[in-house]
Amino acid sequence: MSEQPETPGAATHDPDRPAALLEFMTTGWAVREDPLPEPESAAPYRAARRAALAQHFPGERLVVPTGTYQTRANDTEYRFRPATEFAHLAGSHEPDAVLVLDPDGSAVLYQAPVMDRSTPAFFTDRVYGELWVGPRPSLEATSARLGLEARPLEELDKLSGPARVVRGYDPRVEALFETDEEADAELTTFLSELRLVKDEHEIAQLQQAVDATISGFEDVVRQLDRAQETSERWMEGVFGLRARVEGNDVGYGSICAAGAHACTLHWTDNDGPVRDGDLVLLDMGVEGYELYTADVTRTLPVSGTYTPCQREVYSLVLDAQEAALAACRPGADFLDPHRAAMKVLAEGLERLGVLPDAHAALAEDAQLYRRYTLHGVSHMLGLDVHDCAHARQEVYRKGTLQPGYVLTVEPGLYFQPDDETVPAELRGIGVRIEDDVVITEDGCRNLSAALPRDPDAIEQWMARLRSSHA
Ligand code: GLY
Ligand code: MN
Ligand code: MN
C-alpha cells in the first residue's frame with residue numbers, strides 16, 4: 001500500500017493521506033438529484049450578442065476564454081473574476097471555461113465538469129475540490145441556466161486549426177489554435193465596441209449596481225464617526241460589506257480619501273486619518289452579481305457642513321458637472337461634456353485667483369488649467385469600470401455619443417498641498433463629483449441621481465443619516 005499517493009492540488013503542509021483513506025473517501029455518498037435551474041433572464045441578450053459576433057466574422061472559429069485563478073501567494077488564489085468579454089457573451093462564472101463559436105456560428109461552452117466524489121481529488125484539491133471550495137455546477141445545469149450547449153473542458157483539446165482568440169486570459173487556449181496577432185486584436189476590438197451600446201438588460205443591471213452603491217454611501221455616512229476614531233479604512237470596509245452582500249464585489253479599489261489625500265486621484269491605501277473640518281472624497285462602486293459596476297464619487301464634509309472655502313470649490317465643480325451633463329446627448333462628441341466642464345472650471349479658476357487668464361489657459365497649445373483638473377470627465381462604464389477600452393479611437397474618444405451608451409461624468413479640482421501656484425487657503429482641497437449616465441434618445445438619464453449632489457442637499461442628507469442612524 002502506498003503511504004502517500006499523488007494528491008492533485010494538495011499543499012505542502014497538508015497531512016499525509018494514506019491510500020486506504022482516499023479509497024474510503026470515495027465511497028458511501030448518496031446520489032444527488034439537483035433539479036435543473038431556470039434559464040437566466042440575461043440568456044437571450046447574450047445569445048443576440050453571440051449572433052452579432054458570428055455575423056461579423058462569418059465562417060471563422062472564434063474563441064473567448066474566461067481565464068483562470070491568479071495566485072496571491074504560494075497556494076492561495078485571488079477570488080476568480082471572469083474575463084469581461086466572456087461574461088458579456090456567455091455569463092458563466094466558472095474558471096477555465098472557454099466559449100467557442102464554430103465556423104457555422106453555433107456556440108459551445110467548454111467547462112470543467114463536476115469533480116465528482118469517485119476520485120480523491122474532490123477531497124485533496126484545494127483549488128477545485130468540492131470539499132474545499134464547494135460544488136461546481138454540472139454541465140447540464142450550466143446549459144439550462146445559460147441556454148448554451150456545454151461540453152467537458154477536455155474536449156476543447158480536440159480542436160485545432162485557424163481561429164481568432166481573445167488573448168491575455170489563457171495561454172493554454174491560445175496555444176491550441178493557429179492564430180494571428182492582428183486578427184486576434186480585431187476580435188478584441190470588435191467585442192469592446194459591441195459593448196458600447198448597452199441593451200435594456202444591461203442598463204437594468206447598471207441601475208441595480210448604482211442603487212446598491214447609493215446604499216453603500218449611506219452606510220459610510222452613518223459610520224463617519226467610527227472612521228474618525230480609526231481611519232479611512234473604516235469607510236472602505238463599510239462600503240465593501242455592502243458590495244459583497246448586494247453584489248459580487250467592489251468594481252474597483254474603493255478610493256476613500258480624507259483631507260489632502262483627495263488630491264491623489266486613485267488613493268486606495270486608505271490608511272489616513274479622517275479629521276473634523278476636512279473633506280472626504282469617496283469614489284466607490286458596487287459590482288453587481290452579473291458583474292456590471294457603478295462608479296460614483298461624492299466629496300463630503302466630515303463635520304457635516306462645508307466651510308465657505310470648501311463650498312466655493314465644491315460649487316465650481318458642481319457647475320462644471322452640470323455643464324457636462326447638459327452636453328450628454330446623442331450626436332454630441334464624446335469629448336463635448338469634457339470641453340464644457342473644462343471651460344467652466346478654467347473660468348472658475350480665474351475667479352478663485354488660481355489662473356491669471358482662463359482664456360489663455362484654455363488655448364489648445366497651453367491647457368494650463370489641467371494642472372488642477374488632472375483627468376478627463378468621462379469614460380464608458382459597464383462590465384469594466386473603464387469599459388470598452390479596446391474600442392477604436394474614432395468610435396470612442398473621437399466618436400459621438402449614441403443612445404444606450406453609459407458613461408461617467410466626473411469633473412474634479414485638485415489643489416496639491418504644496419502647490420505654490422495656488423492661494424494658501426485652497427491647498428490640500430480635492431473635489432470630484434461623479435455620476436453615471438445613460439444616453440437616451442433626447443439627452444441623458446442620470447442613473448445615480450438619487451444620491452444628493454447639491455451642497456445644501458448633501459448637508460441635509462448627512463444630518464438625517466447621522467442623527468437617525470437609520
Ligand atoms: N474610479 C475610477 C474612475 O473614476 O475612473
Ligand atoms: Mn470614473
Ligand atoms: Mn470613480
# chains A, B, ... in the order shown; residues from 1 in each chain; ligands from 1
$ residues_around --residues "segment 351-366 of chain A" --least-positions-apart "6" --cutoff "9 Å" --atoms "only C-alpha atoms" --output "PyMOL selection string"
chain A and resi 312-313+342-343+345+421-423
$ residues_around --residues "Met25 of chain A" --least-positions-apart "4" --cutoff "12 Å" --atoms "only C-alpha atoms" --output "ChimeraX atom specification"
/A:17-21,29,116-124,131
$ write_last_selection --atoms "N, CA and C atoms" --output "PDB file, in the first residue's frame"
ATOM      1  N   ARG A  17      -1.983  11.472   3.247  1.00  0.00           N
ATOM      2  CA  ARG A  17      -3.290  10.826   3.076  1.00  0.00           C
ATOM      3  C   ARG A  17      -3.050   9.401   2.616  1.00  0.00           C
ATOM      4  N   PRO A  18      -3.140   8.461   3.524  1.00  0.00           N
ATOM      5  CA  PRO A  18      -2.921   7.054   3.131  1.00  0.00           C
ATOM      6  C   PRO A  18      -3.929   6.622   2.074  1.00  0.00           C
ATOM      7  N   ALA A  19      -3.505   5.665   1.253  1.00  0.00           N
ATOM      8  CA  ALA A  19      -4.365   5.181   0.173  1.00  0.00           C
ATOM      9  C   ALA A  19      -5.694   4.666   0.710  1.00  0.00           C
ATOM     10  N   ALA A  20      -5.655   4.048   1.869  1.00  0.00           N
ATOM     11  CA  ALA A  20      -6.901   3.492   2.430  1.00  0.00           C
ATOM     12  C   ALA A  20      -7.890   4.619   2.727  1.00  0.00           C
ATOM     13  N   LEU A  21      -7.375   5.739   3.201  1.00  0.00           N
ATOM     14  CA  LEU A  21      -8.258   6.883   3.495  1.00  0.00           C
ATOM     15  C   LEU A  21      -8.871   7.428   2.193  1.00  0.00           C
ATOM     16  N   TRP A  29     -21.377   7.879  -0.595  1.00  0.00           N
ATOM     17  CA  TRP A  29     -22.082   9.162  -0.799  1.00  0.00           C
ATOM     18  C   TRP A  29     -23.393   8.944  -1.531  1.00  0.00           C
ATOM     19  N   ASP A 116     -16.426  14.855  -9.423  1.00  0.00           N
ATOM     20  CA  ASP A 116     -17.326  14.040  -8.604  1.00  0.00           C
ATOM     21  C   ASP A 116     -16.539  13.258  -7.551  1.00  0.00           C
ATOM     22  N   ARG A 117     -17.293  12.627  -6.654  1.00  0.00           N
ATOM     23  CA  ARG A 117     -16.650  12.053  -5.476  1.00  0.00           C
ATOM     24  C   ARG A 117     -16.129  10.644  -5.711  1.00  0.00           C
ATOM     25  N   SER A 118     -16.024  10.276  -6.992  1.00  0.00           N
ATOM     26  CA  SER A 118     -15.438   8.967  -7.304  1.00  0.00           C
ATOM     27  C   SER A 118     -13.918   9.062  -7.395  1.00  0.00           C
ATOM     28  N   THR A 119     -13.367  10.269  -7.378  1.00  0.00           N
ATOM     29  CA  THR A 119     -11.901  10.403  -7.392  1.00  0.00           C
ATOM     30  C   THR A 119     -11.476  11.194  -6.163  1.00  0.00           C
ATOM     31  N   PRO A 120     -10.255  10.888  -5.638  1.00  0.00           N
ATOM     32  CA  PRO A 120      -9.842  11.545  -4.391  1.00  0.00           C
ATOM     33  C   PRO A 120      -9.672  13.051  -4.518  1.00  0.00           C
ATOM     34  N   ALA A 121      -9.558  13.565  -5.765  1.00  0.00           N
ATOM     35  CA  ALA A 121      -9.272  14.997  -5.911  1.00  0.00           C
ATOM     36  C   ALA A 121     -10.337  15.858  -5.242  1.00  0.00           C
ATOM     37  N   PHE A 122     -11.561  15.376  -5.165  1.00  0.00           N
ATOM     38  CA  PHE A 122     -12.612  16.208  -4.547  1.00  0.00           C
ATOM     39  C   PHE A 122     -12.265  16.522  -3.086  1.00  0.00           C
ATOM     40  N   PHE A 123     -11.410  15.678  -2.509  1.00  0.00           N
ATOM     41  CA  PHE A 123     -11.032  15.798  -1.097  1.00  0.00           C
ATOM     42  C   PHE A 123      -9.633  16.390  -0.947  1.00  0.00           C
ATOM     43  N   THR A 124      -8.800  16.254  -2.002  1.00  0.00           N
ATOM     44  CA  THR A 124      -7.412  16.704  -1.874  1.00  0.00           C
ATOM     45  C   THR A 124      -7.145  18.042  -2.572  1.00  0.00           C
ATOM     46  N   LEU A 131     -14.822  19.497  -1.608  1.00  0.00           N
ATOM     47  CA  LEU A 131     -14.788  19.635  -0.148  1.00  0.00           C
ATOM     48  C   LEU A 131     -14.036  20.888   0.284  1.00  0.00           C
TER      49      LEU A 131
END
$ closest_residue --among "A:Ala463, A:Val166, A:Ala332, A:Val437" --to "His379 of chain A" --atoms "only C-alpha atoms"
A:Val437
$ select_by_dssp --residues "segment 215-334 of chain A" --states "helix (DSSP H, G or I)" --output "PDB file with C-alpha atoms, in the first residue's frame"
ATOM      1  CA  SER A 215     -26.925  52.344  -0.132  1.00  0.00           C
ATOM      2  CA  GLY A 216     -23.183  51.873   0.438  1.00  0.00           C
ATOM      3  CA  PHE A 217     -22.594  55.644   0.516  1.00  0.00           C
ATOM      4  CA  GLU A 218     -25.387  55.938   3.091  1.00  0.00           C
ATOM      5  CA  ASP A 219     -23.758  53.206   5.188  1.00  0.00           C
ATOM      6  CA  VAL A 220     -20.470  55.106   5.147  1.00  0.00           C
ATOM      7  CA  VAL A 221     -22.051  58.406   6.164  1.00  0.00           C
ATOM      8  CA  ARG A 222     -23.837  56.690   9.057  1.00  0.00           C
ATOM      9  CA  LEU A 224     -18.332  58.505   9.694  1.00  0.00           C
ATOM     10  CA  ASP A 225     -17.808  58.794  13.465  1.00  0.00           C
ATOM     11  CA  ARG A 226     -16.185  55.355  13.504  1.00  0.00           C
ATOM     12  CA  ALA A 227     -13.957  56.403  10.617  1.00  0.00           C
ATOM     13  CA  GLN A 228     -12.874  59.455  12.637  1.00  0.00           C
ATOM     14  CA  GLU A 229     -11.966  57.151  15.522  1.00  0.00           C
ATOM     15  CA  GLU A 232     -10.162  55.885   6.051  1.00  0.00           C
ATOM     16  CA  ARG A 233     -10.116  52.083   6.099  1.00  0.00           C
ATOM     17  CA  TRP A 234     -13.357  52.071   8.089  1.00  0.00           C
ATOM     18  CA  MET A 235     -15.143  53.611   5.116  1.00  0.00           C
ATOM     19  CA  GLU A 236     -13.553  51.164   2.686  1.00  0.00           C
ATOM     20  CA  GLY A 237     -14.638  48.274   4.909  1.00  0.00           C
ATOM     21  CA  VAL A 238     -18.199  49.508   5.371  1.00  0.00           C
ATOM     22  CA  PHE A 239     -18.660  50.001   1.647  1.00  0.00           C
ATOM     23  CA  GLY A 240     -17.056  46.630   0.936  1.00  0.00           C
ATOM     24  CA  LEU A 241     -19.626  44.940   3.145  1.00  0.00           C
ATOM     25  CA  ARG A 242     -22.468  46.391   1.089  1.00  0.00           C
ATOM     26  CA  ALA A 243     -20.678  45.434  -2.143  1.00  0.00           C
ATOM     27  CA  ARG A 244     -20.240  41.813  -1.140  1.00  0.00           C
ATOM     28  CA  VAL A 245     -23.788  41.448   0.169  1.00  0.00           C
ATOM     29  CA  GLU A 246     -25.663  43.295  -2.590  1.00  0.00           C
ATOM     30  CA  GLY A 259      -8.107  65.732   3.541  1.00  0.00           C
ATOM     31  CA  ALA A 260      -5.265  66.188   1.077  1.00  0.00           C
ATOM     32  CA  HIS A 261      -5.416  62.516   0.057  1.00  0.00           C
ATOM     33  CA  ALA A 262      -8.270  63.649  -2.199  1.00  0.00           C
ATOM     34  CA  CYS A 263      -5.612  65.258  -4.406  1.00  0.00           C
ATOM     35  CA  PRO A 308     -17.124  78.645   2.887  1.00  0.00           C
ATOM     36  CA  CYS A 309     -13.884  77.871   1.054  1.00  0.00           C
ATOM     37  CA  GLN A 310     -14.735  74.190   0.555  1.00  0.00           C
ATOM     38  CA  ARG A 311     -18.215  75.132  -0.599  1.00  0.00           C
ATOM     39  CA  GLU A 312     -16.835  77.554  -3.170  1.00  0.00           C
ATOM     40  CA  VAL A 313     -14.608  74.906  -4.733  1.00  0.00           C
ATOM     41  CA  TYR A 314     -17.349  72.272  -4.493  1.00  0.00           C
ATOM     42  CA  SER A 315     -19.893  74.553  -6.182  1.00  0.00           C
ATOM     43  CA  LEU A 316     -17.496  75.267  -9.009  1.00  0.00           C
ATOM     44  CA  VAL A 317     -17.028  71.540  -9.662  1.00  0.00           C
ATOM     45  CA  LEU A 318     -20.797  71.062  -9.477  1.00  0.00           C
ATOM     46  CA  ASP A 319     -21.331  73.844 -12.049  1.00  0.00           C
ATOM     47  CA  ALA A 320     -18.807  72.131 -14.300  1.00  0.00           C
ATOM     48  CA  GLN A 321     -20.603  68.831 -13.880  1.00  0.00           C
ATOM     49  CA  GLU A 322     -23.964  70.442 -14.719  1.00  0.00           C
ATOM     50  CA  ALA A 323     -22.434  71.865 -17.902  1.00  0.00           C
ATOM     51  CA  ALA A 324     -21.063  68.438 -18.780  1.00  0.00           C
ATOM     52  CA  LEU A 325     -24.394  66.715 -18.091  1.00  0.00           C
ATOM     53  CA  ALA A 326     -26.150  69.222 -20.355  1.00  0.00           C
TER      54      ALA A 326
END
$ residues_near_ligand --ligand "ligand 1" --cutoff "10 Å" --atoms "only C-alpha atoms and all ligand atoms" --output "PyMOL selection string"
chain A and resi 251-255+265-267+282-285+294-297+375-381+385-386+408-411+432-435
$ select_by_dssp --residues "segment 26-92 of chain A" --states "strand (DSSP E or B)" --output "PyMOL selection string"
chain A and resi 62-65+71-73+76-77
$ write_last_selection --atoms "N, CA and C atoms" --output "PDB file, in the first residue's frame"
ATOM      1  N   LEU A  62     -14.193  31.368 -33.440  1.00  0.00           N
ATOM      2  CA  LEU A  62     -13.906  32.465 -32.510  1.00  0.00           C
ATOM      3  C   LEU A  62     -13.835  31.893 -31.103  1.00  0.00           C
ATOM      4  N   VAL A  63     -12.785  32.208 -30.390  1.00  0.00           N
ATOM      5  CA  VAL A  63     -12.522  31.552 -29.105  1.00  0.00           C
ATOM      6  C   VAL A  63     -12.379  32.620 -28.022  1.00  0.00           C
ATOM      7  N   VAL A  64     -13.212  32.488 -26.983  1.00  0.00           N
ATOM      8  CA  VAL A  64     -13.252  33.505 -25.928  1.00  0.00           C
ATOM      9  C   VAL A  64     -13.049  32.823 -24.574  1.00  0.00           C
ATOM     10  N   PRO A  65     -11.826  32.816 -24.053  1.00  0.00           N
ATOM     11  CA  PRO A  65     -11.594  32.173 -22.744  1.00  0.00           C
ATOM     12  C   PRO A  65     -11.968  33.113 -21.597  1.00  0.00           C
ATOM     13  N   THR A  71      -2.645  33.646  -8.794  1.00  0.00           N
ATOM     14  CA  THR A  71      -2.068  33.300  -7.494  1.00  0.00           C
ATOM     15  C   THR A  71      -1.823  34.554  -6.665  1.00  0.00           C
ATOM     16  N   ARG A  72      -2.268  34.505  -5.426  1.00  0.00           N
ATOM     17  CA  ARG A  72      -1.993  35.606  -4.490  1.00  0.00           C
ATOM     18  C   ARG A  72      -0.645  35.368  -3.827  1.00  0.00           C
ATOM     19  N   ALA A  73      -0.463  34.156  -3.355  1.00  0.00           N
ATOM     20  CA  ALA A  73       0.824  33.734  -2.785  1.00  0.00           C
ATOM     21  C   ALA A  73       0.800  32.225  -2.653  1.00  0.00           C
ATOM     22  N   THR A  76      -2.366  30.059  -2.513  1.00  0.00           N
ATOM     23  CA  THR A  76      -3.557  30.842  -2.208  1.00  0.00           C
ATOM     24  C   THR A  76      -3.900  31.699  -3.418  1.00  0.00           C
ATOM     25  N   GLU A  77      -5.147  31.604  -3.854  1.00  0.00           N
ATOM     26  CA  GLU A  77      -5.540  32.302  -5.085  1.00  0.00           C
ATOM     27  C   GLU A  77      -6.426  33.498  -4.743  1.00  0.00           C
TER      28      GLU A  77
END
$ closest_residue --among "A:Leu465, A:Leu407, A:Leu101, A:Val274" --to "ligand 2" --atoms "only C-alpha atoms and all ligand atoms"
A:Leu407
$ residues_around --residues "segment 104-109 of chain A" --least-positions-apart "2" --cutoff "8 Å" --atoms "only C-alpha atoms" --output "PDB file with all heavy atoms, in the first residue's frame"
ATOM      1  N   ARG A  50     -23.897  37.033 -29.241  1.00  0.00           N
ATOM      2  CA  ARG A  50     -23.127  35.991 -29.940  1.00  0.00           C
ATOM      3  C   ARG A  50     -23.493  35.970 -31.422  1.00  0.00           C
ATOM      4  O   ARG A  50     -22.627  35.778 -32.283  1.00  0.00           O
ATOM      5  CB  ARG A  50     -23.388  34.615 -29.298  1.00  0.00           C
ATOM      6  CG  ARG A  50     -22.866  34.497 -27.878  1.00  0.00           C
ATOM      7  CD  ARG A  50     -22.861  33.055 -27.405  1.00  0.00           C
ATOM      8  NE  ARG A  50     -24.171  32.450 -27.312  1.00  0.00           N
ATOM      9  CZ  ARG A  50     -24.967  32.462 -26.236  1.00  0.00           C
ATOM     10  NH1 ARG A  50     -24.563  33.060 -25.127  1.00  0.00           N
ATOM     11  NH2 ARG A  50     -26.146  31.869 -26.249  1.00  0.00           N
ATOM     12  N   ALA A  51     -24.783  36.199 -31.703  1.00  0.00           N
ATOM     13  CA  ALA A  51     -25.204  36.213 -33.112  1.00  0.00           C
ATOM     14  C   ALA A  51     -24.535  37.386 -33.843  1.00  0.00           C
ATOM     15  O   ALA A  51     -24.081  37.236 -34.986  1.00  0.00           O
ATOM     16  CB  ALA A  51     -26.727  36.321 -33.190  1.00  0.00           C
ATOM     17  N   ALA A  54     -20.925  36.386 -34.504  1.00  0.00           N
ATOM     18  CA  ALA A  54     -20.792  35.401 -35.593  1.00  0.00           C
ATOM     19  C   ALA A  54     -21.012  36.080 -36.940  1.00  0.00           C
ATOM     20  O   ALA A  54     -20.332  35.770 -37.926  1.00  0.00           O
ATOM     21  CB  ALA A  54     -21.792  34.266 -35.389  1.00  0.00           C
ATOM     22  N   GLN A  55     -21.953  37.020 -36.969  1.00  0.00           N
ATOM     23  CA  GLN A  55     -22.256  37.696 -38.235  1.00  0.00           C
ATOM     24  C   GLN A  55     -21.076  38.567 -38.685  1.00  0.00           C
ATOM     25  O   GLN A  55     -20.828  38.722 -39.871  1.00  0.00           O
ATOM     26  CB  GLN A  55     -23.498  38.560 -38.021  1.00  0.00           C
ATOM     27  CG  GLN A  55     -24.130  38.990 -39.306  1.00  0.00           C
ATOM     28  CD  GLN A  55     -25.365  39.855 -39.054  1.00  0.00           C
ATOM     29  OE1 GLN A  55     -25.662  40.249 -37.931  1.00  0.00           O
ATOM     30  NE2 GLN A  55     -26.069  40.152 -40.120  1.00  0.00           N
ATOM     31  N   PRO A  58     -17.997  35.902 -40.299  1.00  0.00           N
ATOM     32  CA  PRO A  58     -18.656  34.678 -40.799  1.00  0.00           C
ATOM     33  C   PRO A  58     -17.633  33.620 -41.211  1.00  0.00           C
ATOM     34  O   PRO A  58     -16.569  33.955 -41.737  1.00  0.00           O
ATOM     35  CB  PRO A  58     -19.450  35.182 -42.017  1.00  0.00           C
ATOM     36  CG  PRO A  58     -18.819  36.485 -42.402  1.00  0.00           C
ATOM     37  CD  PRO A  58     -18.215  37.070 -41.160  1.00  0.00           C
ATOM     38  N   GLY A  59     -17.971  32.364 -40.908  1.00  0.00           N
ATOM     39  CA  GLY A  59     -17.131  31.245 -41.350  1.00  0.00           C
ATOM     40  C   GLY A  59     -15.846  31.081 -40.558  1.00  0.00           C
ATOM     41  O   GLY A  59     -14.983  30.290 -40.946  1.00  0.00           O
ATOM     42  N   GLU A  60     -15.714  31.809 -39.458  1.00  0.00           N
ATOM     43  CA  GLU A  60     -14.469  31.708 -38.673  1.00  0.00           C
ATOM     44  C   GLU A  60     -14.754  31.068 -37.315  1.00  0.00           C
ATOM     45  O   GLU A  60     -15.858  31.177 -36.775  1.00  0.00           O
ATOM     46  CB  GLU A  60     -13.874  33.099 -38.440  1.00  0.00           C
ATOM     47  CG  GLU A  60     -13.472  33.803 -39.723  1.00  0.00           C
ATOM     48  CD  GLU A  60     -12.553  34.982 -39.442  1.00  0.00           C
ATOM     49  OE1 GLU A  60     -11.572  34.795 -38.699  1.00  0.00           O
ATOM     50  OE2 GLU A  60     -12.835  36.072 -39.950  1.00  0.00           O
ATOM     51  N   ALA A  90     -21.196  34.879 -22.550  1.00  0.00           N
ATOM     52  CA  ALA A  90     -21.552  33.550 -22.040  1.00  0.00           C
ATOM     53  C   ALA A  90     -22.230  33.620 -20.675  1.00  0.00           C
ATOM     54  O   ALA A  90     -23.271  33.020 -20.465  1.00  0.00           O
ATOM     55  CB  ALA A  90     -20.313  32.670 -21.965  1.00  0.00           C
ATOM     56  N   ALA A  97     -13.251  28.178 -18.138  1.00  0.00           N
ATOM     57  CA  ALA A  97     -14.218  27.902 -19.208  1.00  0.00           C
ATOM     58  C   ALA A  97     -13.812  28.643 -20.484  1.00  0.00           C
ATOM     59  O   ALA A  97     -13.068  29.635 -20.443  1.00  0.00           O
ATOM     60  CB  ALA A  97     -15.618  28.329 -18.769  1.00  0.00           C
ATOM     61  N   VAL A  98     -14.294  28.139 -21.602  1.00  0.00           N
ATOM     62  CA  VAL A  98     -13.966  28.737 -22.908  1.00  0.00           C
ATOM     63  C   VAL A  98     -15.223  28.705 -23.766  1.00  0.00           C
ATOM     64  O   VAL A  98     -15.859  27.654 -23.909  1.00  0.00           O
ATOM     65  CB  VAL A  98     -12.844  27.937 -23.609  1.00  0.00           C
ATOM     66  CG1 VAL A  98     -12.463  28.606 -24.927  1.00  0.00           C
ATOM     67  CG2 VAL A  98     -11.615  27.814 -22.709  1.00  0.00           C
ATOM     68  N   LEU A  99     -15.571  29.842 -24.319  1.00  0.00           N
ATOM     69  CA  LEU A  99     -16.675  29.902 -25.279  1.00  0.00           C
ATOM     70  C   LEU A  99     -16.084  29.803 -26.682  1.00  0.00           C
ATOM     71  O   LEU A  99     -15.133  30.524 -27.007  1.00  0.00           O
ATOM     72  CB  LEU A  99     -17.428  31.231 -25.131  1.00  0.00           C
ATOM     73  CG  LEU A  99     -18.548  31.454 -26.150  1.00  0.00           C
ATOM     74  CD1 LEU A  99     -19.741  30.559 -25.856  1.00  0.00           C
ATOM     75  CD2 LEU A  99     -18.979  32.918 -26.168  1.00  0.00           C
ATOM     76  N   VAL A 100     -16.649  28.902 -27.486  1.00  0.00           N
ATOM     77  CA  VAL A 100     -16.182  28.768 -28.874  1.00  0.00           C
ATOM     78  C   VAL A 100     -17.375  28.955 -29.801  1.00  0.00           C
ATOM     79  O   VAL A 100     -18.407  28.289 -29.640  1.00  0.00           O
ATOM     80  CB  VAL A 100     -15.527  27.387 -29.112  1.00  0.00           C
ATOM     81  CG1 VAL A 100     -15.131  27.239 -30.576  1.00  0.00           C
ATOM     82  CG2 VAL A 100     -14.302  27.210 -28.216  1.00  0.00           C
ATOM     83  N   LEU A 101     -17.237  29.875 -30.733  1.00  0.00           N
ATOM     84  CA  LEU A 101     -18.199  29.987 -31.831  1.00  0.00           C
ATOM     85  C   LEU A 101     -17.595  29.261 -33.022  1.00  0.00           C
ATOM     86  O   LEU A 101     -16.506  29.636 -33.489  1.00  0.00           O
ATOM     87  CB  LEU A 101     -18.470  31.464 -32.166  1.00  0.00           C
ATOM     88  CG  LEU A 101     -19.695  32.085 -31.491  1.00  0.00           C
ATOM     89  CD1 LEU A 101     -19.547  32.068 -29.980  1.00  0.00           C
ATOM     90  CD2 LEU A 101     -19.919  33.501 -31.981  1.00  0.00           C
ATOM     91  N   ASP A 102     -18.270  28.217 -33.459  1.00  0.00           N
ATOM     92  CA  ASP A 102     -17.758  27.435 -34.592  1.00  0.00           C
ATOM     93  C   ASP A 102     -17.999  28.189 -35.893  1.00  0.00           C
ATOM     94  O   ASP A 102     -18.799  29.126 -35.930  1.00  0.00           O
ATOM     95  CB  ASP A 102     -18.432  26.054 -34.593  1.00  0.00           C
ATOM     96  CG  ASP A 102     -17.797  25.146 -33.540  1.00  0.00           C
ATOM     97  OD1 ASP A 102     -16.585  25.318 -33.289  1.00  0.00           O
ATOM     98  OD2 ASP A 102     -18.506  24.316 -32.960  1.00  0.00           O
ATOM     99  N   GLN A 111     -16.426  23.657 -20.363  1.00  0.00           N
ATOM    100  CA  GLN A 111     -16.325  23.957 -18.933  1.00  0.00           C
ATOM    101  C   GLN A 111     -15.903  22.708 -18.175  1.00  0.00           C
ATOM    102  O   GLN A 111     -16.309  21.597 -18.530  1.00  0.00           O
ATOM    103  CB  GLN A 111     -17.704  24.436 -18.444  1.00  0.00           C
ATOM    104  CG  GLN A 111     -17.731  24.913 -17.012  1.00  0.00           C
ATOM    105  CD  GLN A 111     -18.997  25.713 -16.724  1.00  0.00           C
ATOM    106  OE1 GLN A 111     -19.218  26.767 -17.290  1.00  0.00           O
ATOM    107  NE2 GLN A 111     -19.835  25.194 -15.859  1.00  0.00           N
ATOM    108  N   LEU A 148     -27.023  27.521 -23.393  1.00  0.00           N
ATOM    109  CA  LEU A 148     -25.841  27.301 -24.229  1.00  0.00           C
ATOM    110  C   LEU A 148     -25.472  25.825 -24.147  1.00  0.00           C
ATOM    111  O   LEU A 148     -25.530  25.246 -23.055  1.00  0.00           O
ATOM    112  CB  LEU A 148     -24.670  28.064 -23.608  1.00  0.00           C
ATOM    113  CG  LEU A 148     -24.090  29.284 -24.270  1.00  0.00           C
ATOM    114  CD1 LEU A 148     -22.989  29.856 -23.387  1.00  0.00           C
ATOM    115  CD2 LEU A 148     -23.568  28.996 -25.645  1.00  0.00           C
ATOM    116  N   GLU A 149     -25.049  25.252 -25.254  1.00  0.00           N
ATOM    117  CA  GLU A 149     -24.547  23.885 -25.186  1.00  0.00           C
ATOM    118  C   GLU A 149     -23.255  23.882 -24.371  1.00  0.00           C
ATOM    119  O   GLU A 149     -22.352  24.692 -24.618  1.00  0.00           O
ATOM    120  CB  GLU A 149     -24.273  23.349 -26.601  1.00  0.00           C
ATOM    121  CG  GLU A 149     -23.805  21.910 -26.569  1.00  0.00           C
ATOM    122  CD  GLU A 149     -23.464  21.364 -27.944  1.00  0.00           C
ATOM    123  OE1 GLU A 149     -23.807  22.010 -28.955  1.00  0.00           O
ATOM    124  OE2 GLU A 149     -22.841  20.290 -27.988  1.00  0.00           O
ATOM    125  N   ALA A 150     -23.158  22.980 -23.392  1.00  0.00           N
ATOM    126  CA  ALA A 150     -21.945  22.907 -22.564  1.00  0.00           C
ATOM    127  C   ALA A 150     -21.304  21.538 -22.729  1.00  0.00           C
ATOM    128  O   ALA A 150     -21.995  20.517 -22.662  1.00  0.00           O
ATOM    129  CB  ALA A 150     -22.297  23.155 -21.099  1.00  0.00           C
ATOM    130  N   ARG A 151     -19.994  21.538 -22.963  1.00  0.00           N
ATOM    131  CA  ARG A 151     -19.258  20.270 -23.118  1.00  0.00           C
ATOM    132  C   ARG A 151     -18.086  20.248 -22.148  1.00  0.00           C
ATOM    133  O   ARG A 151     -17.605  21.310 -21.719  1.00  0.00           O
ATOM    134  CB  ARG A 151     -18.715  20.147 -24.552  1.00  0.00           C
ATOM    135  CG  ARG A 151     -19.790  19.991 -25.589  1.00  0.00           C
ATOM    136  CD  ARG A 151     -19.189  19.600 -26.932  1.00  0.00           C
ATOM    137  NE  ARG A 151     -20.140  19.817 -28.002  1.00  0.00           N
ATOM    138  CZ  ARG A 151     -19.813  20.150 -29.243  1.00  0.00           C
ATOM    139  NH1 ARG A 151     -18.539  20.302 -29.581  1.00  0.00           N
ATOM    140  NH2 ARG A 151     -20.741  20.338 -30.163  1.00  0.00           N
TER     141      ARG A 151
END
$ residues_around --residues "Phe334 of chain A" --least-positions-apart "6" --cutoff "8 Å" --atoms "only C-alpha atoms" --output "list in words"
Tyr396, Arg397, Lys398, Gly399, Thr400 and Leu401 of chain A
